[in-house]
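K.L.:
Sharing a structure with you now.
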2 protein chains.
Amino acid sequence: MAEVLVQPPLLEVLRGKRQSVPPVWMMRQAGRYLPEYREIRAKAGGFLDLCFTPELAAEVTLQPVRRFGFDAAILFSDILVIPHALGRAVSFVAGEGPKLEPLTDPAGVDALPHAVDQEILAPVYAAIRLVKASLAPEVALLGFCGAPWTVATYIIAGQGTADQAPARLFAYRHPEAFSRLIDRLSDASIAYLVRQFEAGVDAVQLFDTWAGVLPPEEFARWCIAPAARIVTELRRQVPRARIIGFPRGAGALYKNYLEEVAVDAIGLDWTIDKTFARKNLQSRVPVQGNLDPLALLAGGSVLDQGIDAVLKSFADGPFIFNLGHGILPETPIAHVERMLARVRRVG
Amino acid sequence: MAEVLVQPPLLEVLRGKRQSVPPVWMMRQAGRYLPEYREIRAKAGGFLDLCFTPELAAEVTLQPVRRFGFDAAILFSDILVIPHALGRAVSFVAGEGPKLEPLTDPAGVDALPHAVDQEILAPVYAAIRLVKASLAPEVALLGFCGAPWTVATYIIAGQGTADQAPARLFAYRHPEAFSRLIDRLSDASIAYLVRQFEAGVDAVQLFDTWAGVLPPEEFARWCIAPAARIVTELRRQVPRARIIGFPRGAGALYKNYLEEVAVDAIGLDWTIDKTFARKNLQSRVPVQGNLDPLALLAGGSVLDQGIDAVLKSFADGPFIFNLGHGILPETPIAHVERMLARVRRVG
């Protein structure tokens, strides 16, 4: 039973067990704010080359864990590998973000393959195996994928958009075709996440970055229902699967999400009312979050007060410390160090 | 007492009196979806020239009332006339939106004048007088201004931004200077709105378009507190003032807003949970909203169902039908006609 001794604290939290010192990781912790990341990135060619070269993806995944001693490594990848593996080729233009051929009509949905090309995704699983092999046993390894709604916004618009209007309009105009797209993305996500667990991740996070723009009825249909299906099916195929849901920006609808989606924990963005979250969300499942990434960038007393407010709200229950969204590239490393020291001081 | 007979139904609602047929208007109803607007716009020179030429601004204000018989005219103007009148010159670049010199440090705040240049704003008041003179007495005339937080996001970034990060970061780094900026914008807003009432508006709307990106503590400080001050001071100077608050995207925090800001009505964006809004907001004040502008653009059964859902939620109480944000330029006029017919059928 030696394994019990080295159970990562983050997984204990996902089992509902509060840790005296909350485990910490950061969304986008492997990224541009780190000089060692920028060095590898410069060598790697394109962004997707980095994602799809197992040794490099593994290396950048491990960098922040090595430097800061985070309680989790999160696989370095991108939510758009799924459209890429469904034949919607993605490119990353420096300073402009991802570009795809827009999908503008129902025929485009029906032309999508019924399954992801697992050969394209194979390097992701190889990267997971490499990370797993060199990760200390007390550090959790997290995989992830984009939730179907969020991935669909990019597939339809062909790029990031301010208000996701193209996907929202497509869903209004062609609800049945949009439903088929969401189903296909859900199937792809399930297949992808099952393989991630087979390759060695301990838990996964489902990123619904653009959940916050939808009216409640559409949120129920395009975010809650597919997430519920993904979670149920993933558990059926991988009974040990642990899953963190992250319907960013859902506000009061976070409660609706948790009523339907059997996640092990819920990630909170920085806009949520902490009192609401403690009462309605942490009463049901462990919570993760939710320091404003701009408070981390600002540093100083703003950072300290932000950390303290998060701890005061959530550290009495099962809780994983994180940001409310990804760390910003301009963030000084000293601020991350200060954050870690302050969070861990509570123990 | 003839005046009582021609009281606009919209003002009756603002007094808490439900109308059997809800009054209707649309945010951005004077705008690019109308050919008669595009014709005037093409003649006017720049966008601000249109705002600051009373005859033209009055004409485009009246166009949608004439065409559709809306229950309110809303003055054609822009929330950025306030920075313009505070010495932060605004220009509108076609296809790019507004541009200002960014305000990047506390010294920039302290260099702002203590009062708006009322000579710059005089054409706005002239336009109000022209509209008032030719508006039927049963049609309400609405003025508006941007709320201090939202106006500050443009002043600091020098343009619209995806997540208002520059202003949020400025507020973290320089909270006292940012507080002075908000105070100065609040003073400017009060002076501007008082003059709008003197010129003849019946009610005003306070647009806090970017309220939804703030954590609750910052929302309380930068949105709720200044709105409360503006409303209190405006009522003191203009006892007949009627005020509609619109903290777009505030979600569950709409409730906090209403607890502190003594508005006569609250505008709801399209993402709010209607059950929550009926229970927690319409129980306190009349509500206005909240059809998704994309449902209006989509048309057909999506539009009909969207209208019906809004009416079912709110038409039993004091209620003004509107969109949840501005009408989009691509919207077919036939969809607006369909919307009006359906809303008025309920009477």
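Letters A, B, ... mark the chains of the structure tokens in the order given; residue numbers begin at 1 per chain; ligand numbers begin at 1, in order shown.
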Give me, as a VMD selection string, all polymer residues having an atom no more than 8 Å from region 26-29 of chain B, counting only C-alpha atoms and skipping those fewer than 3 positions away in the same chain.

P.N.:
chain B and resid 64 74 322 to 323 325 to 327

K.L.:
Selected residues, all heavy atoms, written as a PDB file, in the first residue's frame, please.

P.N.:
ATOM      1  N   PRO B  64     -36.401  55.928 -36.288  1.00  0.00           N
ATOM      2  CA  PRO B  64     -37.008  54.640 -35.915  1.00  0.00           C
ATOM      3  C   PRO B  64     -38.388  54.791 -35.267  1.00  0.00           C
ATOM      4  O   PRO B  64     -39.222  53.886 -35.379  1.00  0.00           O
ATOM      5  CB  PRO B  64     -35.999  54.048 -34.922  1.00  0.00           C
ATOM      6  CG  PRO B  64     -35.227  55.220 -34.408  1.00  0.00           C
ATOM      7  CD  PRO B  64     -35.184  56.208 -35.531  1.00  0.00           C
ATOM      8  N   ILE B  74     -34.702  57.364 -28.259  1.00  0.00           N
ATOM      9  CA  ILE B  74     -33.502  57.554 -27.449  1.00  0.00           C
ATOM     10  C   ILE B  74     -32.546  58.419 -28.255  1.00  0.00           C
ATOM     11  O   ILE B  74     -32.270  58.141 -29.428  1.00  0.00           O
ATOM     12  CB  ILE B  74     -32.849  56.241 -26.988  1.00  0.00           C
ATOM     13  CG1 ILE B  74     -31.654  56.561 -26.083  1.00  0.00           C
ATOM     14  CG2 ILE B  74     -32.481  55.329 -28.155  1.00  0.00           C
ATOM     15  CD1 ILE B  74     -31.204  55.429 -25.191  1.00  0.00           C
ATOM     16  N   ASN B 322     -37.457  45.279 -24.639  1.00  0.00           N
ATOM     17  CA  ASN B 322     -36.264  45.805 -25.285  1.00  0.00           C
ATOM     18  C   ASN B 322     -35.399  44.599 -25.641  1.00  0.00           C
ATOM     19  O   ASN B 322     -35.743  43.457 -25.343  1.00  0.00           O
ATOM     20  CB  ASN B 322     -35.518  46.746 -24.315  1.00  0.00           C
ATOM     21  CG  ASN B 322     -34.619  47.751 -25.033  1.00  0.00           C
ATOM     22  OD1 ASN B 322     -33.940  47.417 -26.009  1.00  0.00           O
ATOM     23  ND2 ASN B 322     -34.612  48.989 -24.559  1.00  0.00           N
ATOM     24  N   LEU B 323     -34.288  44.879 -26.276  1.00  0.00           N
ATOM     25  CA  LEU B 323     -33.290  43.842 -26.489  1.00  0.00           C
ATOM     26  C   LEU B 323     -32.406  43.749 -25.248  1.00  0.00           C
ATOM     27  O   LEU B 323     -32.492  44.590 -24.347  1.00  0.00           O
ATOM     28  CB  LEU B 323     -32.436  44.176 -27.715  1.00  0.00           C
ATOM     29  CG  LEU B 323     -33.198  44.470 -29.007  1.00  0.00           C
ATOM     30  CD1 LEU B 323     -32.220  44.755 -30.144  1.00  0.00           C
ATOM     31  CD2 LEU B 323     -34.105  43.314 -29.369  1.00  0.00           C
ATOM     32  N   HIS B 325     -29.162  43.918 -25.549  1.00  0.00           N
ATOM     33  CA  HIS B 325     -28.046  44.784 -25.937  1.00  0.00           C
ATOM     34  C   HIS B 325     -28.471  45.434 -27.253  1.00  0.00           C
ATOM     35  O   HIS B 325     -29.585  45.231 -27.694  1.00  0.00           O
ATOM     36  CB  HIS B 325     -26.763  43.957 -26.084  1.00  0.00           C
ATOM     37  CG  HIS B 325     -25.510  44.794 -26.064  1.00  0.00           C
ATOM     38  ND1 HIS B 325     -24.303  44.348 -26.555  1.00  0.00           N
ATOM     39  CD2 HIS B 325     -25.287  46.045 -25.614  1.00  0.00           C
ATOM     40  CE1 HIS B 325     -23.383  45.288 -26.385  1.00  0.00           C
ATOM     41  NE2 HIS B 325     -23.956  46.327 -25.816  1.00  0.00           N
ATOM     42  N   GLY B 326     -27.590  46.212 -27.876  1.00  0.00           N
ATOM     43  CA  GLY B 326     -27.978  46.959 -29.062  1.00  0.00           C
ATOM     44  C   GLY B 326     -28.316  46.083 -30.259  1.00  0.00           C
ATOM     45  O   GLY B 326     -27.731  45.008 -30.442  1.00  0.00           O
ATOM     46  N   ILE B 327     -29.231  46.574 -31.090  1.00  0.00           N
ATOM     47  CA  ILE B 327     -29.556  45.872 -32.347  1.00  0.00           C
ATOM     48  C   ILE B 327     -28.316  45.847 -33.233  1.00  0.00           C
ATOM     49  O   ILE B 327     -27.546  46.814 -33.284  1.00  0.00           O
ATOM     50  CB  ILE B 327     -30.755  46.534 -33.067  1.00  0.00           C
ATOM     51  CG1 ILE B 327     -31.102  45.766 -34.351  1.00  0.00           C
ATOM     52  CG2 ILE B 327     -30.495  48.013 -33.369  1.00  0.00           C
ATOM     53  CD1 ILE B 327     -32.403  46.222 -35.016  1.00  0.00           C
TER      54      ILE B 327
END

K.L.:
Would you mind listing, for every residue of chain B within 7 Å of chain A, the two atoms forming the shortest contact and the distance between them in Å to one decimal, using only C-alpha atoms, sorted by chain and ascending residue number, as JSON lines?

P.N.:
{"residue": "B:Ala162", "atom": "CA", "partner": "A:Ala162", "partner_atom": "CA", "distance": 6.0}
{"residue": "B:Leu169", "atom": "CA", "partner": "A:Leu294", "partner_atom": "CA", "distance": 6.0}
{"residue": "B:Tyr172", "atom": "CA", "partner": "A:Val302", "partner_atom": "CA", "distance": 6.3}
{"residue": "B:Arg173", "atom": "CA", "partner": "A:Ala298", "partner_atom": "CA", "distance": 5.9}
{"residue": "B:Val213", "atom": "CA", "partner": "A:Thr271", "partner_atom": "CA", "distance": 6.5}
{"residue": "B:Leu214", "atom": "CA", "partner": "A:Thr271", "partner_atom": "CA", "distance": 5.8}
{"residue": "B:Pro215", "atom": "CA", "partner": "A:Thr271", "partner_atom": "CA", "distance": 4.1}
{"residue": "B:Pro216", "atom": "CA", "partner": "A:Asp273", "partner_atom": "CA", "distance": 5.8}
{"residue": "B:Gly251", "atom": "CA", "partner": "A:Gly251", "partner_atom": "CA", "distance": 6.0}
{"residue": "B:Ala252", "atom": "CA", "partner": "A:Ala252", "partner_atom": "CA", "distance": 5.6}
{"residue": "B:Trp270", "atom": "CA", "partner": "A:Pro215", "partner_atom": "CA", "distance": 5.9}
{"residue": "B:Thr271", "atom": "CA", "partner": "A:Pro215", "partner_atom": "CA", "distance": 4.1}
{"residue": "B:Ile272", "atom": "CA", "partner": "A:Pro215", "partner_atom": "CA", "distance": 6.6}
{"residue": "B:Asp273", "atom": "CA", "partner": "A:Pro216", "partner_atom": "CA", "distance": 5.8}
{"residue": "B:Leu294", "atom": "CA", "partner": "A:Leu169", "partner_atom": "CA", "distance": 6.0}
{"residue": "B:Ala295", "atom": "CA", "partner": "A:Tyr172", "partner_atom": "CA", "distance": 6.8}
{"residue": "B:Ala298", "atom": "CA", "partner": "A:Arg173", "partner_atom": "CA", "distance": 5.9}
{"residue": "B:Val302", "atom": "CA", "partner": "A:Tyr172", "partner_atom": "CA", "distance": 6.3}

K.L.:
As a PyMOL selection string, please: every residue in region 198-302 of chain A that DSSP puts in strand (DSSP E or B).

P.N.:
chain A and resi 203-208+243-247+265-267+287-291

K.L.:
Restricting the output to C-alpha atoms, write the selected residues as an mmCIF file, in the first residue's frame.

P.N.:
data_model
loop_
_atom_site.group_PDB
_atom_site.id
_atom_site.type_symbol
_atom_site.label_atom_id
_atom_site.label_comp_id
_atom_site.auth_asym_id
_atom_site.auth_seq_id
_atom_site.Cartn_x
_atom_site.Cartn_y
_atom_site.Cartn_z
ATOM 1 C CA ALA A 203 -7.567 13.979 -13.788
ATOM 2 C CA VAL A 204 -8.779 16.222 -16.589
ATOM 3 C CA GLN A 205 -10.270 19.676 -16.835
ATOM 4 C CA LEU A 206 -13.069 20.514 -19.264
ATOM 5 C CA PHE A 207 -12.550 24.133 -20.353
ATOM 6 C CA ASP A 208 -15.740 25.924 -21.377
ATOM 7 C CA ILE A 243 -12.961 15.536 -13.821
ATOM 8 C CA ILE A 244 -12.888 19.267 -13.110
ATOM 9 C CA GLY A 245 -15.534 21.347 -14.884
ATOM 10 C CA PHE A 246 -14.810 24.970 -15.793
ATOM 11 C CA PRO A 247 -17.820 26.802 -17.266
ATOM 12 C CA ALA A 265 -14.664 19.617 -8.730
ATOM 13 C CA ILE A 266 -15.604 22.940 -10.247
ATOM 14 C CA GLY A 267 -13.227 25.653 -11.449
ATOM 15 C CA VAL A 287 -13.858 24.158 -5.758
ATOM 16 C CA GLN A 288 -10.810 25.438 -7.613
ATOM 17 C CA GLY A 289 -9.815 29.037 -8.248
ATOM 18 C CA ASN A 290 -10.182 31.968 -8.455
ATOM 19 C CA LEU A 291 -7.536 34.697 -8.130
#

K.L.:
For the structure I just gave you, how does DSSP split region 56-234 of chain A - specifically, which residues are helix (DSSP H, G or I)? Reply as a ChimeraX atom specification.

P.N.:
/A:56-68,81-85,106-110,118-134,148-157,165-173,175-199,211-213,216-234

K.L.:
Would you compute the distance between CA of Gly143 (chain B) and CA of Arg235 (chain B)? Give it in Å to one decimal.

P.N.:
14.9 Å

K.L.:
Which residue is closest to Ala188 (chain A)? Choose from A:Ala147, A:Val285, A:Ala122, A:Leu103 and count only C-alpha atoms.

P.N.:
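Once distances to Ala188 (chain A) are computed over only C-alpha atoms, the minimum belongs to A:Ala147.
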
K.L.:
Calculate how many Å separate CA of Ile224 (chain B) from CA of Leu193 (chain B), rounding to one decimal.

P.N.:
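The value is 17.7 Å.
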
K.L.:
Can you work out the spacing between CA of Asp110 (chain B) and CA of Arg184 (chain B) in Å, to one decimal?

P.N.:
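Atom-to-atom, CA of Asp110 (chain B) and CA of Arg184 (chain B) are spaced 9.6 Å apart.
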
K.L.:
Could you pull the residues within 12 Å of Pro35 (chain B), counting only C-alpha atoms, minus those fewer than 6 positions along the same chain, as a list of chain:residue names?

P.N.:
B:Arg41, B:Ala42, B:Val60, B:Gln63, B:Pro64, B:Arg67, B:Pro329, B:Glu330, B:Thr331, B:Pro332, B:Ile333

K.L.:
May I have the selected residues written with C-alpha atoms, as a PDB file, in the first residue's frame?

P.N.:
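Result file follows (part-v9.pdb):
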ATOM      1  CA  ARG B  41     -24.651  59.128 -41.889  1.00  0.00           C
ATOM      2  CA  ALA B  42     -23.035  59.228 -45.329  1.00  0.00           C
ATOM      3  CA  VAL B  60     -31.798  60.063 -36.858  1.00  0.00           C
ATOM      4  CA  GLN B  63     -36.298  57.920 -37.747  1.00  0.00           C
ATOM      5  CA  PRO B  64     -37.008  54.640 -35.915  1.00  0.00           C
ATOM      6  CA  ARG B  67     -40.871  53.976 -39.045  1.00  0.00           C
ATOM      7  CA  PRO B 329     -26.391  46.443 -38.077  1.00  0.00           C
ATOM      8  CA  GLU B 330     -27.124  43.328 -40.165  1.00  0.00           C
ATOM      9  CA  THR B 331     -30.620  42.912 -38.688  1.00  0.00           C
ATOM     10  CA  PRO B 332     -33.420  42.839 -41.309  1.00  0.00           C
ATOM     11  CA  ILE B 333     -36.083  45.489 -40.818  1.00  0.00           C
TER      12      ILE B 333
END

K.L.:
Near Ile190 (chain A), within 12 Å and counting only C-alpha atoms, which residues show up once chain neighbours fewer than 2 positions away are dropped, as a compact mmCIF listing (two decimals) with N, CA and C atoms, in the first residue's frame?

P.N.:
# COMPACT_ATOMS: atom_id res chain seq x y z
N ILE A 82 -8.45 19.36 -31.15
CA ILE A 82 -9.61 18.53 -31.54
C ILE A 82 -10.13 18.91 -32.93
N ALA A 115 -15.06 10.54 -36.36
CA ALA A 115 -14.13 10.31 -35.25
C ALA A 115 -12.86 11.12 -35.49
N VAL A 116 -12.20 11.47 -34.41
CA VAL A 116 -10.93 12.18 -34.53
C VAL A 116 -9.89 11.25 -35.13
N PHE A 144 -6.58 17.74 -20.36
CA PHE A 144 -7.73 18.64 -20.55
C PHE A 144 -8.26 18.53 -21.97
N CYS A 145 -9.45 19.07 -22.15
CA CYS A 145 -9.89 19.40 -23.50
C CYS A 145 -10.86 20.56 -23.42
N GLY A 146 -11.08 21.20 -24.56
CA GLY A 146 -12.07 22.26 -24.64
C GLY A 146 -13.46 21.65 -24.65
N ALA A 147 -14.40 22.30 -24.01
CA ALA A 147 -15.78 21.82 -24.05
C ALA A 147 -16.36 22.07 -25.44
N PRO A 148 -17.34 21.26 -25.84
CA PRO A 148 -17.86 21.36 -27.21
C PRO A 148 -18.32 22.77 -27.60
N ASP A 183 -22.63 17.22 -30.75
CA ASP A 183 -22.54 15.77 -30.50
C ASP A 183 -21.22 15.22 -31.01
N ARG A 184 -20.82 15.68 -32.21
CA ARG A 184 -19.58 15.15 -32.78
C ARG A 184 -18.38 15.59 -31.94
N LEU A 185 -18.43 16.82 -31.47
CA LEU A 185 -17.34 17.30 -30.62
C LEU A 185 -17.35 16.59 -29.26
N SER A 186 -18.54 16.25 -28.79
CA SER A 186 -18.61 15.50 -27.53
C SER A 186 -17.99 14.12 -27.69
N ASP A 187 -18.34 13.45 -28.80
CA ASP A 187 -17.75 12.13 -29.06
C ASP A 187 -16.23 12.23 -29.16
N ALA A 188 -15.77 13.25 -29.88
CA ALA A 188 -14.32 13.43 -30.04
C ALA A 188 -13.66 13.68 -28.68
N TYR A 192 -10.85 11.39 -26.88
CA TYR A 192 -9.57 12.05 -26.57
C TYR A 192 -9.24 11.93 -25.08
N LEU A 193 -10.22 12.15 -24.24
CA LEU A 193 -9.97 12.12 -22.80
C LEU A 193 -9.73 10.69 -22.30
N VAL A 194 -10.42 9.72 -22.90
CA VAL A 194 -10.17 8.31 -22.53
C VAL A 194 -8.71 7.97 -22.79
N ARG A 195 -8.22 8.37 -23.96
CA ARG A 195 -6.82 8.09 -24.30
C ARG A 195 -5.86 8.83 -23.38
N GLN A 196 -6.23 10.03 -22.97
CA GLN A 196 -5.37 10.77 -22.03
C GLN A 196 -5.26 9.98 -20.72
N PHE A 197 -6.37 9.45 -20.24
CA PHE A 197 -6.29 8.65 -19.00
C PHE A 197 -5.46 7.39 -19.22
N VAL A 204 -8.70 15.33 -15.42
CA VAL A 204 -8.78 16.22 -16.59
C VAL A 204 -9.66 17.42 -16.25
N LEU A 206 -12.25 20.22 -18.08
CA LEU A 206 -13.07 20.51 -19.26
C LEU A 206 -13.27 22.03 -19.30
N PRO A 226 -23.99 18.64 -23.01
CA PRO A 226 -22.81 17.91 -23.51
C PRO A 226 -21.81 17.58 -22.41
N ALA A 227 -21.64 18.49 -21.46
CA ALA A 227 -20.70 18.20 -20.36
C ALA A 227 -21.19 17.00 -19.56
N ALA A 228 -22.50 16.95 -19.32
CA ALA A 228 -23.05 15.83 -18.56
C ALA A 228 -22.80 14.51 -19.31
N ARG A 229 -22.97 14.56 -20.62
CA ARG A 229 -22.77 13.34 -21.41
C ARG A 229 -21.30 12.93 -21.41
N ILE A 230 -20.41 13.90 -21.58
CA ILE A 230 -18.98 13.59 -21.59
C ILE A 230 -18.56 12.97 -20.26
N VAL A 231 -19.02 13.57 -19.17
CA VAL A 231 -18.62 13.08 -17.85
C VAL A 231 -19.15 11.66 -17.61
N THR A 232 -20.39 11.44 -17.95
CA THR A 232 -21.00 10.12 -17.73
C THR A 232 -20.27 9.05 -18.55
N GLU A 233 -20.04 9.37 -19.82
CA GLU A 233 -19.43 8.38 -20.71
C GLU A 233 -17.96 8.14 -20.36
N LEU A 234 -17.29 9.22 -19.97
CA LEU A 234 -15.89 9.07 -19.58
C LEU A 234 -15.77 8.19 -18.33
N ARG A 235 -16.64 8.40 -17.37
CA ARG A 235 -16.64 7.56 -16.16
C ARG A 235 -16.95 6.11 -16.48
N ARG A 236 -17.83 5.91 -17.44
CA ARG A 236 -18.21 4.54 -17.80
C ARG A 236 -16.99 3.81 -18.37
N GLN A 237 -16.24 4.53 -19.22
CA GLN A 237 -15.10 3.89 -19.87
C GLN A 237 -13.86 3.88 -18.99
N VAL A 238 -13.73 4.86 -18.11
CA VAL A 238 -12.56 4.98 -17.24
C VAL A 238 -13.05 5.24 -15.81
N ALA A 241 -11.60 7.93 -13.60
CA ALA A 241 -11.48 9.30 -14.12
C ALA A 241 -11.96 10.32 -13.08
N ILE A 243 -12.65 14.49 -12.84
CA ILE A 243 -12.96 15.54 -13.82
C ILE A 243 -13.29 16.85 -13.12

K.L.:
So which one's closest to Asp264 (chain A), A:Ala107, A:Leu50, A:Ala191, A:Val13? Using only C-alpha atoms, please.

P.N.:
A:Val13

K.L.:
If you count only C-alpha atoms, which residues fall within 10 Å of Val65 (chain B), apart from same-chain ones fewer than 3 positions away, as a short mmCIF file (atom, residue, chain, number, x, y, z; two decimals) with C-alpha atoms, in the first residue's frame?

P.N.:
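Result written to around.cif:
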data_model
loop_
_atom_site.label_atom_id
_atom_site.label_comp_id
_atom_site.auth_asym_id
_atom_site.auth_seq_id
_atom_site.Cartn_x
_atom_site.Cartn_y
_atom_site.Cartn_z
CA TRP B 25 -37.94 50.43 -27.71
CA GLN B 29 -32.68 51.73 -32.56
CA ALA B 30 -31.28 54.77 -34.38
CA VAL B 60 -31.80 60.06 -36.86
CA THR B 61 -33.26 59.95 -33.33
CA LEU B 62 -36.74 60.32 -34.81
CA PHE B 68 -41.85 51.58 -36.27
CA GLY B 69 -43.89 53.57 -33.75
CA PHE B 70 -41.63 52.78 -30.82
CA ASP B 71 -42.76 53.95 -27.39
CA ALA B 72 -39.55 55.85 -26.82
CA ALA B 73 -37.03 57.84 -28.79
CA ILE B 74 -33.50 57.55 -27.45
CA LEU B 135 -42.21 64.01 -30.71
CA ALA B 136 -45.78 62.87 -30.10
CA VAL B 139 -43.64 58.78 -26.90
#

K.L.:
With only C-alpha atoms as the atoms that count, which of B:Ala126, B:Val263, B:Val336, B:Ala167 lies nearest to Glu198 (chain B)?

P.N.:
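Of B:Ala126, B:Val263, B:Val336, B:Ala167, the one nearest Glu198 (chain B), counting only C-alpha atoms, is B:Ala126.
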
K.L.:
Within 12 Å of Arg345 (chain A), counting only C-alpha atoms, which residues qualify if same-chain residues fewer than 2 places away don't, as a list in words?

P.N.:
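In the requested form, the answer reads Ser20, Val21, Pro22, Ile307, Asp308, Leu311, Arg338, Met339, Leu340, Ala341, Arg342, Val343 and Gly347 of chain A.
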